[in-house]
Amino acid sequence: MTKLLHHLGLYFIMMKKVISKPKNWSVFRKQLSLEMEKVGLNSVSLVIILSFFVGAVVSIQTSINMSNPLLPSYLVGLASRDSLILEFSPTMISLILAGKVGSSIASELGSMRVTEQIDALEIMGINSASFLILPKVIAAVFFFPFLIIISMGVGMVGAWVGGLSTNITTADFMYGLKYEFTPFYISYAIIKTIFFAFIISTVSAYFGYHTKGGAIAVGKASTTAVVSSSILILLFNYILTDIILS
Amino acid sequence: MIEIQNIEKHFGNNHVLKNVSFLFERGKTNLIIGESGSGKTTLIKVLIGLHKIDSGTVLFDGVDFNAIKTKKQRLLRQEIGMLFQGGALYDYMSVEENIMFPLNMFTKKTDVEKLERVNFCLKRVKLEGKNRLMPSELSGGMTKRVAIARAIVMQPKYLLCDEPNSGLDPKTAIIIDNLIQEITKEYNITTIVNTHDMNSVMEIGENITFINKGEIWWKGNKDELLNSNNKELNDFVFASELFKRLKKV
């Protein structure tokens with residue numbers, strides 16, 4: 001418990017340093033565009049591949065489990081749509097991004113810490129936490145919702161392809177996809193994603209920024225960052241779903 | 001000049017610095033020598049606030065570093081150049097970008113002016129034309145020289161060097177030592193070099209402090225060092241066979 005409070009205290013002290021006006025806007029913009037590429041653009045292909053195949057599998061499994069002739073075949077499209085929008089795209093993709101982006105942020109900052117690059121920034125009179133972490137947080141919070149929207153779209157294409165392999169017609173699938181569609185579900189998914197993006201970027205940055213030791217410590221920080229981010233994503237998924245949907 | 005008065009520092013139960021006081025003079029290379037773990041690096045990090053002191057005073061030309069606000073500390077740090085043990089160059093930036101970085105952050109110079117200054121500093125450390133190289137492409141000596149160029153690009157008033165010769169061959173180490181001394185004289189800055197390399201001590205030691213078990217045991221210059229009767233100092237200085245033979249001669 002004491003350890004948890006210690007981490008929480010350090011996390012909030014770090015966040016106080018992170019949320020401050022950048023010293024030089026042109027350098028900040030350059031850093032931000034670099035982070036957009038690292039955190040966002042470099043994850044697009046992974047998100048597309050994952051979403052397509054998971055979408056296809058969801059639709060095949062739904063189709064197999066709806067063998068009762070009383071159940072209309074358009075339900076495959078409806079079930080795929082809702083599971084992708086409500087859970088797979090925002091939560092599962094965020095968990096995967098916690099592994100990819102979170103470990104990258106923690107190991108990058110951890111390496112910078114153990115090679116004294118962060119100390120070098122401090123000596124120059126730069127707020128290292130703000131300079132290094134703020135662009136990562138903004139890039140993640142800004143870009144992750146786009147990744148999730150891409151995931152939803154590609155996931156549905158995958159579901160359609162999967163549906164075709166189980167003899168669900170395109171017309172039935174499309175009907176199911178549009179059937180009683182609630183646009184708020186998209187907003188709900190994006191709200192969750194913004195929270196998850198903030199958790200992934202700040203928690204991973206926290207563990208990387210506070211690395212002590214050498215290469216082993218960097219690896220440990222990276223692992224701890226992914227595990228902690230994943231647990232917090234699951235916890236906040238429950239809390240946010242309870243607050244927003246019920 | 002930098003003056004430290006009665007510095008105390010603990011890490012848990014480990015008493016790392018014990019009532020340390022010293023004056024680091026302007027225009028001189030001030031050396032802190034001592035065994036590994038004696039508190040040298042802690043002392044240098046305490047000077048610039050990377051480690052908080054338990055008690056004592058650190059004065060930069062009369063300004064108490066620990067008594068001023070964080071914003072003012074950051075302004076003061078812009079007057080400090082620091083050479084880290086491993087160079088601490090930013091991996092994702094080229095040599096030119098590394099050296100230009102402080103200029104981008106703190107000056108309103110035009111791109112042409114910044115490039116001129118970078119090229120001047122590269123020439124000063126004898127690395128002309130190496131602008132486009134990445135840190136991973138540099139040798140140990142080149143890394144240190146780029147780090148020196150970055151440390152002096154803002155024309156600092158204070159230059160702090162943490163074991164500048166670690167991992168370098170003796171010939172390259174002498175080049176780095178001489179470069180540090182030349183820069184100190186040229187810009188009349190306060191330079192502190194933290195080292196356990198006796199060749200460095202003999203090369204540039206003008207104002208030497210021997211630190212042992214967190215305490216200052218001896219102060220003097222390189223000539224006084226060779227004739228000192230301080231047992232701990234002699235054990236440290238004449239630890240190698242070469243220096244033992246030199247002492248006999």
# chains A, B, ... in the order shown; residues from 1 in each chain; ligands from 1
call {"tool": "residues_around", "arguments": {"residues": "range 215-232 of chain A", "least_positions_apart": "4", "cutoff": "7 Å", "atoms": "only C-alpha atoms", "output": "list in words"}}
result
Leu95, Ala98, Gly99, Gly102, Ser103, Ala106, Ser107, Gly110, Ser111, Ile199, Ile200, Val203, Ser204, Phe207, Gly208, Thr211 and Phe236 of chain A
call {"tool": "write_last_selection", "arguments": {"atoms": "N, CA and C atoms", "output": "compact mmCIF listing (two decimals), in the first residue's frame"}}
result
# COMPACT_ATOMS: atom_id res chain seq x y z
N LEU A 95 -5.33 -2.31 -25.51
CA LEU A 95 -4.46 -3.24 -24.78
C LEU A 95 -3.24 -3.61 -25.64
N ALA A 98 -1.00 -0.74 -25.73
CA ALA A 98 -0.25 -0.62 -24.47
C ALA A 98 1.04 -1.42 -24.58
N GLY A 99 0.95 -2.58 -25.23
CA GLY A 99 2.14 -3.40 -25.44
C GLY A 99 3.11 -2.76 -26.40
N GLY A 102 3.29 1.53 -25.36
CA GLY A 102 3.69 1.68 -23.95
C GLY A 102 5.12 1.21 -23.71
N SER A 103 5.45 0.04 -24.24
CA SER A 103 6.82 -0.47 -24.01
C SER A 103 7.83 0.41 -24.73
N ALA A 106 8.28 3.58 -22.55
CA ALA A 106 9.02 3.29 -21.31
C ALA A 106 10.49 2.99 -21.61
N SER A 107 10.75 2.21 -22.64
CA SER A 107 12.16 1.85 -22.91
C SER A 107 12.93 3.05 -23.46
N GLY A 110 13.50 5.25 -20.44
CA GLY A 110 14.40 4.53 -19.53
C GLY A 110 15.83 4.58 -20.04
N SER A 111 16.01 4.35 -21.33
CA SER A 111 17.36 4.41 -21.92
C SER A 111 17.94 5.82 -21.79
N ILE A 199 -3.84 6.99 -20.28
CA ILE A 199 -3.26 6.00 -19.33
C ILE A 199 -1.99 5.40 -19.92
N ILE A 200 -2.06 4.94 -21.16
CA ILE A 200 -0.90 4.27 -21.77
C ILE A 200 0.31 5.22 -21.81
N VAL A 203 1.37 6.49 -17.95
CA VAL A 203 1.86 5.43 -17.06
C VAL A 203 3.19 4.87 -17.59
N SER A 204 3.26 4.67 -18.90
CA SER A 204 4.51 4.17 -19.49
C SER A 204 5.62 5.21 -19.32
N PHE A 207 7.00 5.11 -15.70
CA PHE A 207 7.96 4.04 -15.39
C PHE A 207 9.29 4.24 -16.12
N GLY A 208 9.23 4.74 -17.35
CA GLY A 208 10.47 5.00 -18.08
C GLY A 208 11.26 6.14 -17.47
N THR A 211 13.25 5.33 -14.26
CA THR A 211 14.14 4.16 -14.29
C THR A 211 15.43 4.46 -13.52
N PHE A 236 -10.42 0.84 -15.86
CA PHE A 236 -11.16 2.01 -16.34
C PHE A 236 -12.21 1.63 -17.38
call {"tool": "interface_residues", "arguments": {"of": "chain A", "to": "chain B", "cutoff": "8 Å", "atoms": "only C-alpha atoms", "output": "PyMOL selection string"}}
result
chain A and resi 23-24+27+115-117+119-120+122-126
call {"tool": "write_last_selection", "arguments": {"atoms": "N, CA and C atoms", "output": "PDB file, in the first residue's frame"}}
result
ATOM      1  N   LYS A  23       8.722  25.508 -23.702  1.00  0.00           N
ATOM      2  CA  LYS A  23       9.698  26.602 -23.698  1.00  0.00           C
ATOM      3  C   LYS A  23       9.814  27.240 -25.092  1.00  0.00           C
ATOM      4  N   ASN A  24       9.812  26.377 -26.100  1.00  0.00           N
ATOM      5  CA  ASN A  24       9.990  26.875 -27.459  1.00  0.00           C
ATOM      6  C   ASN A  24       9.002  26.138 -28.366  1.00  0.00           C
ATOM      7  N   VAL A  27      10.310  24.060 -31.510  1.00  0.00           N
ATOM      8  CA  VAL A  27      10.922  22.778 -31.114  1.00  0.00           C
ATOM      9  C   VAL A  27       9.828  21.810 -30.674  1.00  0.00           C
ATOM     10  N   THR A 115      21.367   6.648 -19.643  1.00  0.00           N
ATOM     11  CA  THR A 115      22.518   7.202 -20.371  1.00  0.00           C
ATOM     12  C   THR A 115      22.688   8.710 -20.083  1.00  0.00           C
ATOM     13  N   GLU A 116      22.008   9.196 -19.086  1.00  0.00           N
ATOM     14  CA  GLU A 116      22.116  10.575 -18.594  1.00  0.00           C
ATOM     15  C   GLU A 116      21.627  11.635 -19.588  1.00  0.00           C
ATOM     16  N   GLN A 117      20.875  11.201 -20.616  1.00  0.00           N
ATOM     17  CA  GLN A 117      20.355  12.190 -21.573  1.00  0.00           C
ATOM     18  C   GLN A 117      19.306  13.089 -20.922  1.00  0.00           C
ATOM     19  N   ASP A 119      19.313  13.877 -17.687  1.00  0.00           N
ATOM     20  CA  ASP A 119      20.100  14.799 -16.845  1.00  0.00           C
ATOM     21  C   ASP A 119      20.662  15.934 -17.702  1.00  0.00           C
ATOM     22  N   ALA A 120      21.117  15.576 -18.912  1.00  0.00           N
ATOM     23  CA  ALA A 120      21.682  16.603 -19.806  1.00  0.00           C
ATOM     24  C   ALA A 120      20.639  17.669 -20.135  1.00  0.00           C
ATOM     25  N   GLU A 122      18.088  18.518 -18.190  1.00  0.00           N
ATOM     26  CA  GLU A 122      17.887  19.297 -16.959  1.00  0.00           C
ATOM     27  C   GLU A 122      19.010  20.319 -16.776  1.00  0.00           C
ATOM     28  N   ILE A 123      20.250  19.890 -17.061  1.00  0.00           N
ATOM     29  CA  ILE A 123      21.393  20.797 -16.911  1.00  0.00           C
ATOM     30  C   ILE A 123      21.282  21.987 -17.845  1.00  0.00           C
ATOM     31  N   MET A 124      20.683  21.745 -19.019  1.00  0.00           N
ATOM     32  CA  MET A 124      20.525  22.870 -19.956  1.00  0.00           C
ATOM     33  C   MET A 124      19.422  23.829 -19.504  1.00  0.00           C
ATOM     34  N   GLY A 125      18.740  23.463 -18.433  1.00  0.00           N
ATOM     35  CA  GLY A 125      17.669  24.332 -17.943  1.00  0.00           C
ATOM     36  C   GLY A 125      16.337  24.021 -18.593  1.00  0.00           C
ATOM     37  N   ILE A 126      16.202  22.783 -19.116  1.00  0.00           N
ATOM     38  CA  ILE A 126      14.955  22.386 -19.778  1.00  0.00           C
ATOM     39  C   ILE A 126      14.138  21.519 -18.828  1.00  0.00           C
TER      40      ILE A 126
END
call {"tool": "residues_around", "arguments": {"residues": "range 110-122 of chain B", "least_positions_apart": "3", "cutoff": "9 Å", "atoms": "only C-alpha atoms", "output": "NGL selection string"}}
result
:B and (96-97 or 99-100 or 103-104 or 107 or 125-131 or 145-146 or 148-150 or 152-153)
call {"tool": "select_by_dssp", "arguments": {"residues": "range 19-242 of chain A", "states": "alpha helix (DSSP H)", "output": "number ranges by chain"}}
result
A: 25-35, 44-65, 75-83, 93-97, 103-114, 117-123, 128-165, 170-178, 184-209, 215-242
call {"tool": "closest_residue", "arguments": {"among": "B:Ile7, B:Ala67, B:Ile183, B:Val95", "to": "Ile204 in chain B", "atoms": "only C-alpha atoms"}}
result
B:Ile183
call {"tool": "closest_residue", "arguments": {"among": "A:Phe131, A:Phe144, A:Tyr209, A:Phe28", "to": "Ile96 in chain A", "atoms": "only C-alpha atoms"}}
result
A:Phe144
call {"tool": "residues_around", "arguments": {"residues": "range 64-67 of chain A", "least_positions_apart": "5", "cutoff": "9 Å", "atoms": "only C-alpha atoms", "output": "compact mmCIF listing (two decimals) with C-alpha atoms, in the first residue's frame"}}
result
# COMPACT_ATOMS: atom_id res chain seq x y z
CA SER A 59 -18.38 -12.91 -37.73
CA PRO A 72 -32.23 -14.12 -38.82
CA SER A 73 -28.86 -14.16 -40.62
CA LEU A 75 -27.78 -10.81 -36.74
CA VAL A 76 -24.22 -11.75 -37.74
CA THR A 166 -20.25 -18.78 -43.90
call {"tool": "residues_around", "arguments": {"residues": "Asp61 in chain B", "least_positions_apart": "3", "cutoff": "12 Å", "atoms": "only C-alpha atoms", "output": "PyMOL selection string"}}
result
chain B and resi 1-4+23-26+58+64-65+76+79+157-158+189-190
call {"tool": "write_last_selection", "arguments": {"atoms": "N, CA and C atoms", "output": "mmCIF file, in the first residue's frame"}}
result
data_model
loop_
_atom_site.group_PDB
_atom_site.id
_atom_site.type_symbol
_atom_site.label_atom_id
_atom_site.label_comp_id
_atom_site.auth_asym_id
_atom_site.auth_seq_id
_atom_site.Cartn_x
_atom_site.Cartn_y
_atom_site.Cartn_z
ATOM 1 N N MET B 1 33.170 31.922 -10.231
ATOM 2 C CA MET B 1 33.625 30.856 -9.338
ATOM 3 C C MET B 1 32.435 30.158 -8.677
ATOM 4 N N ILE B 2 32.706 28.954 -8.223
ATOM 5 C CA ILE B 2 31.661 28.197 -7.519
ATOM 6 C C ILE B 2 32.191 27.881 -6.119
ATOM 7 N N GLU B 3 31.370 28.191 -5.146
ATOM 8 C CA GLU B 3 31.789 27.907 -3.774
ATOM 9 C C GLU B 3 30.780 26.975 -3.115
ATOM 10 N N ILE B 4 31.292 25.919 -2.481
ATOM 11 C CA ILE B 4 30.383 25.047 -1.731
ATOM 12 C C ILE B 4 30.747 25.127 -0.256
ATOM 13 N N LEU B 23 36.326 25.921 -2.762
ATOM 14 C CA LEU B 23 36.158 27.040 -3.692
ATOM 15 C C LEU B 23 36.740 26.629 -5.038
ATOM 16 N N PHE B 24 35.903 26.632 -6.061
ATOM 17 C CA PHE B 24 36.360 26.310 -7.414
ATOM 18 C C PHE B 24 36.584 27.637 -8.147
ATOM 19 N N GLU B 25 37.833 27.863 -8.529
ATOM 20 C CA GLU B 25 38.198 29.193 -9.036
ATOM 21 C C GLU B 25 37.947 29.355 -10.536
ATOM 22 N N ARG B 26 37.644 30.606 -10.920
ATOM 23 C CA ARG B 26 37.421 30.939 -12.324
ATOM 24 C C ARG B 26 38.752 30.915 -13.082
ATOM 25 N N VAL B 58 25.450 26.067 -1.982
ATOM 26 C CA VAL B 58 26.192 26.046 -3.246
ATOM 27 C C VAL B 58 26.044 27.425 -3.871
ATOM 28 N N ASP B 64 23.036 31.752 -4.362
ATOM 29 C CA ASP B 64 22.776 30.480 -3.678
ATOM 30 C C ASP B 64 21.800 29.651 -4.522
ATOM 31 N N PHE B 65 22.333 28.616 -5.164
ATOM 32 C CA PHE B 65 21.538 27.827 -6.123
ATOM 33 C C PHE B 65 20.285 27.232 -5.490
ATOM 34 N N LEU B 76 19.822 29.764 -14.478
ATOM 35 C CA LEU B 76 21.233 29.626 -14.080
ATOM 36 C C LEU B 76 21.876 28.429 -14.779
ATOM 37 N N GLU B 79 23.666 28.681 -17.968
ATOM 38 C CA GLU B 79 25.047 29.192 -17.956
ATOM 39 C C GLU B 79 26.048 28.087 -17.636
ATOM 40 N N LYS B 157 29.366 29.949 -18.405
ATOM 41 C CA LYS B 157 30.281 30.533 -17.409
ATOM 42 C C LYS B 157 30.926 29.434 -16.577
ATOM 43 N N TYR B 158 30.282 28.274 -16.581
ATOM 44 C CA TYR B 158 30.778 27.148 -15.772
ATOM 45 C C TYR B 158 30.781 25.889 -16.635
ATOM 46 N N ILE B 189 36.440 30.543 -17.857
ATOM 47 C CA ILE B 189 35.282 29.962 -17.169
ATOM 48 C C ILE B 189 35.732 29.146 -15.954
ATOM 49 N N THR B 190 34.772 28.828 -15.118
ATOM 50 C CA THR B 190 35.056 27.986 -13.950
ATOM 51 C C THR B 190 34.836 26.537 -14.367
#
call {"tool": "residues_around", "arguments": {"residues": "Asn207 in chain B", "least_positions_apart": "6", "cutoff": "9 Å", "atoms": "only C-alpha atoms", "output": "number ranges by chain"}}
result
B: 24-25, 28-32, 219-222
call {"tool": "write_last_selection", "arguments": {"atoms": "N, CA and C atoms", "output": "PDB file, in the first residue's frame"}}
result
ATOM      1  N   PHE B  24      35.903  26.632  -6.061  1.00  0.00           N
ATOM      2  CA  PHE B  24      36.360  26.310  -7.414  1.00  0.00           C
ATOM      3  C   PHE B  24      36.584  27.637  -8.147  1.00  0.00           C
ATOM      4  N   GLU B  25      37.833  27.863  -8.529  1.00  0.00           N
ATOM      5  CA  GLU B  25      38.198  29.193  -9.036  1.00  0.00           C
ATOM      6  C   GLU B  25      37.947  29.355 -10.536  1.00  0.00           C
ATOM      7  N   LYS B  28      40.460  28.450 -13.972  1.00  0.00           N
ATOM      8  CA  LYS B  28      41.329  27.322 -13.625  1.00  0.00           C
ATOM      9  C   LYS B  28      40.583  26.005 -13.829  1.00  0.00           C
ATOM     10  N   THR B  29      41.359  24.946 -14.111  1.00  0.00           N
ATOM     11  CA  THR B  29      40.728  23.627 -14.138  1.00  0.00           C
ATOM     12  C   THR B  29      40.811  23.060 -12.729  1.00  0.00           C
ATOM     13  N   ASN B  30      39.664  23.001 -12.093  1.00  0.00           N
ATOM     14  CA  ASN B  30      39.563  22.507 -10.718  1.00  0.00           C
ATOM     15  C   ASN B  30      39.258  21.011 -10.778  1.00  0.00           C
ATOM     16  N   LEU B  31      40.146  20.208 -10.238  1.00  0.00           N
ATOM     17  CA  LEU B  31      39.967  18.760 -10.319  1.00  0.00           C
ATOM     18  C   LEU B  31      39.473  18.185  -8.996  1.00  0.00           C
ATOM     19  N   ILE B  32      38.488  17.300  -9.104  1.00  0.00           N
ATOM     20  CA  ILE B  32      38.080  16.530  -7.923  1.00  0.00           C
ATOM     21  C   ILE B  32      38.568  15.115  -8.182  1.00  0.00           C
ATOM     22  N   LYS B 219      43.913  19.304  -0.353  1.00  0.00           N
ATOM     23  CA  LYS B 219      43.752  20.298  -1.427  1.00  0.00           C
ATOM     24  C   LYS B 219      45.128  20.780  -1.846  1.00  0.00           C
ATOM     25  N   GLY B 220      45.300  21.083  -3.114  1.00  0.00           N
ATOM     26  CA  GLY B 220      46.598  21.597  -3.569  1.00  0.00           C
ATOM     27  C   GLY B 220      46.705  21.581  -5.078  1.00  0.00           C
ATOM     28  N   ASN B 221      47.951  21.746  -5.603  1.00  0.00           N
ATOM     29  CA  ASN B 221      48.139  21.651  -7.048  1.00  0.00           C
ATOM     30  C   ASN B 221      48.951  20.401  -7.381  1.00  0.00           C
ATOM     31  N   LYS B 222      49.255  20.201  -8.662  1.00  0.00           N
ATOM     32  CA  LYS B 222      49.863  18.921  -9.043  1.00  0.00           C
ATOM     33  C   LYS B 222      51.290  18.748  -8.493  1.00  0.00           C
TER      34      LYS B 222
END
call {"tool": "residues_around", "arguments": {"residues": "Ser165 in chain A", "least_positions_apart": "5", "cutoff": "12 Å", "atoms": "only C-alpha atoms", "output": "JSON, numbers by chain"}}
result
{"A": [56, 57, 59, 60, 61, 63, 64, 158, 159, 160, 170]}
call {"tool": "select_by_dssp", "arguments": {"residues": "range 6-181 of chain B", "states": "strand (DSSP E)", "output": "NGL selection string"}}
result
:B and (6-11 or 14-24 or 29-33 or 55-60 or 63-64 or 80-83 or 158-162)
call {"tool": "write_last_selection", "arguments": {"atoms": "N, CA and C atoms", "output": "mmCIF file, in the first residue's frame"}}
result
data_model
loop_
_atom_site.group_PDB
_atom_site.id
_atom_site.type_symbol
_atom_site.label_atom_id
_atom_site.label_comp_id
_atom_site.auth_asym_id
_atom_site.auth_seq_id
_atom_site.Cartn_x
_atom_site.Cartn_y
_atom_site.Cartn_z
ATOM 1 N N ASN B 6 29.933 23.491 3.540
ATOM 2 C CA ASN B 6 29.349 22.519 4.494
ATOM 3 C C ASN B 6 28.263 21.622 3.874
ATOM 4 N N ILE B 7 28.583 21.041 2.747
ATOM 5 C CA ILE B 7 27.599 20.200 2.064
ATOM 6 C C ILE B 7 27.487 18.837 2.764
ATOM 7 N N GLU B 8 26.235 18.459 3.009
ATOM 8 C CA GLU B 8 25.948 17.138 3.583
ATOM 9 C C GLU B 8 24.964 16.433 2.667
ATOM 10 N N LYS B 9 25.229 15.150 2.407
ATOM 11 C CA LYS B 9 24.295 14.392 1.574
ATOM 12 C C LYS B 9 24.249 12.936 2.012
ATOM 13 N N HIS B 10 23.034 12.439 2.222
ATOM 14 C CA HIS B 10 22.826 11.026 2.569
ATOM 15 C C HIS B 10 22.004 10.368 1.464
ATOM 16 N N PHE B 11 22.278 9.086 1.188
ATOM 17 C CA PHE B 11 21.342 8.253 0.417
ATOM 18 C C PHE B 11 20.889 7.170 1.388
ATOM 19 N N ASN B 14 23.391 5.757 3.975
ATOM 20 C CA ASN B 14 24.733 5.967 3.454
ATOM 21 C C ASN B 14 25.092 7.468 3.449
ATOM 22 N N HIS B 15 26.051 7.838 4.262
ATOM 23 C CA HIS B 15 26.467 9.238 4.369
ATOM 24 C C HIS B 15 27.494 9.518 3.268
ATOM 25 N N VAL B 16 27.053 10.085 2.170
ATOM 26 C CA VAL B 16 27.901 10.174 0.968
ATOM 27 C C VAL B 16 28.830 11.393 0.999
ATOM 28 N N LEU B 17 28.303 12.537 1.423
ATOM 29 C CA LEU B 17 29.140 13.747 1.509
ATOM 30 C C LEU B 17 29.088 14.285 2.938
ATOM 31 N N LYS B 18 30.301 14.493 3.512
ATOM 32 C CA LYS B 18 30.362 14.887 4.922
ATOM 33 C C LYS B 18 31.003 16.260 5.068
ATOM 34 N N ASN B 19 30.188 17.244 5.287
ATOM 35 C CA ASN B 19 30.653 18.603 5.576
ATOM 36 C C ASN B 19 31.712 19.085 4.564
ATOM 37 N N VAL B 20 31.352 18.995 3.291
ATOM 38 C CA VAL B 20 32.305 19.324 2.228
ATOM 39 C C VAL B 20 32.248 20.827 1.914
ATOM 40 N N SER B 21 33.418 21.486 1.951
ATOM 41 C CA SER B 21 33.508 22.909 1.601
ATOM 42 C C SER B 21 34.676 23.091 0.632
ATOM 43 N N PHE B 22 34.465 23.887 -0.376
ATOM 44 C CA PHE B 22 35.562 24.129 -1.318
ATOM 45 C C PHE B 22 35.243 25.317 -2.208
ATOM 46 N N LEU B 23 36.326 25.921 -2.762
ATOM 47 C CA LEU B 23 36.158 27.040 -3.692
ATOM 48 C C LEU B 23 36.740 26.629 -5.038
ATOM 49 N N PHE B 24 35.903 26.632 -6.061
ATOM 50 C CA PHE B 24 36.360 26.310 -7.414
ATOM 51 C C PHE B 24 36.584 27.637 -8.147
ATOM 52 N N THR B 29 41.359 24.946 -14.111
ATOM 53 C CA THR B 29 40.728 23.627 -14.138
ATOM 54 C C THR B 29 40.811 23.060 -12.729
ATOM 55 N N ASN B 30 39.664 23.001 -12.093
ATOM 56 C CA ASN B 30 39.563 22.507 -10.718
ATOM 57 C C ASN B 30 39.258 21.011 -10.778
ATOM 58 N N LEU B 31 40.146 20.208 -10.238
ATOM 59 C CA LEU B 31 39.967 18.760 -10.319
ATOM 60 C C LEU B 31 39.473 18.185 -8.996
ATOM 61 N N ILE B 32 38.488 17.300 -9.104
ATOM 62 C CA ILE B 32 38.080 16.530 -7.923
ATOM 63 C C ILE B 32 38.568 15.115 -8.182
ATOM 64 N N ILE B 33 39.446 14.620 -7.326
ATOM 65 C CA ILE B 33 39.947 13.260 -7.533
ATOM 66 C C ILE B 33 39.567 12.379 -6.346
ATOM 67 N N SER B 55 22.015 19.507 3.630
ATOM 68 C CA SER B 55 22.300 20.830 4.193
ATOM 69 C C SER B 55 23.544 21.390 3.524
ATOM 70 N N GLY B 56 23.761 22.689 3.702
ATOM 71 C CA GLY B 56 24.918 23.351 3.090
ATOM 72 C C GLY B 56 24.497 24.359 2.037
ATOM 73 N N THR B 57 25.478 24.957 1.394
ATOM 74 C CA THR B 57 25.220 26.022 0.425
ATOM 75 C C THR B 57 26.071 25.809 -0.825
ATOM 76 N N VAL B 58 25.450 26.067 -1.982
ATOM 77 C CA VAL B 58 26.192 26.046 -3.246
ATOM 78 C C VAL B 58 26.044 27.425 -3.871
ATOM 79 N N LEU B 59 27.152 28.133 -4.028
ATOM 80 C CA LEU B 59 27.100 29.510 -4.542
ATOM 81 C C LEU B 59 27.742 29.596 -5.925
ATOM 82 N N PHE B 60 26.979 30.062 -6.905
ATOM 83 C CA PHE B 60 27.500 30.330 -8.243
ATOM 84 C C PHE B 60 27.714 31.838 -8.337
ATOM 85 N N VAL B 63 25.500 33.517 -5.985
ATOM 86 C CA VAL B 63 24.065 33.196 -6.012
ATOM 87 C C VAL B 63 23.863 31.812 -5.399
ATOM 88 N N ASP B 64 23.036 31.752 -4.362
ATOM 89 C CA ASP B 64 22.776 30.480 -3.678
ATOM 90 C C ASP B 64 21.800 29.651 -4.522
ATOM 91 N N ILE B 80 25.519 26.868 -17.476
ATOM 92 C CA ILE B 80 26.393 25.731 -17.126
ATOM 93 C C ILE B 80 26.494 24.784 -18.319
ATOM 94 N N GLY B 81 27.723 24.427 -18.655
ATOM 95 C CA GLY B 81 27.918 23.380 -19.663
ATOM 96 C C GLY B 81 28.345 22.137 -18.918
ATOM 97 N N MET B 82 27.798 20.992 -19.319
ATOM 98 C CA MET B 82 28.168 19.774 -18.582
ATOM 99 C C MET B 82 28.583 18.683 -19.550
ATOM 100 N N LEU B 83 29.710 18.080 -19.247
ATOM 101 C CA LEU B 83 30.187 16.954 -20.044
ATOM 102 C C LEU B 83 29.975 15.694 -19.208
ATOM 103 N N TYR B 158 30.282 28.274 -16.581
ATOM 104 C CA TYR B 158 30.778 27.148 -15.772
ATOM 105 C C TYR B 158 30.781 25.889 -16.635
ATOM 106 N N LEU B 159 31.853 25.127 -16.524
ATOM 107 C CA LEU B 159 31.932 23.861 -17.274
ATOM 108 C C LEU B 159 32.212 22.733 -16.285
ATOM 109 N N LEU B 160 31.302 21.769 -16.240
ATOM 110 C CA LEU B 160 31.475 20.638 -15.322
ATOM 111 C C LEU B 160 31.699 19.363 -16.134
ATOM 112 N N CYS B 161 32.732 18.623 -15.791
ATOM 113 C CA CYS B 161 33.063 17.417 -16.555
ATOM 114 C C CYS B 161 33.119 16.213 -15.621
ATOM 115 N N ASP B 162 32.261 15.234 -15.887
ATOM 116 C CA ASP B 162 32.236 14.033 -15.049
ATOM 117 C C ASP B 162 33.044 12.937 -15.749
#
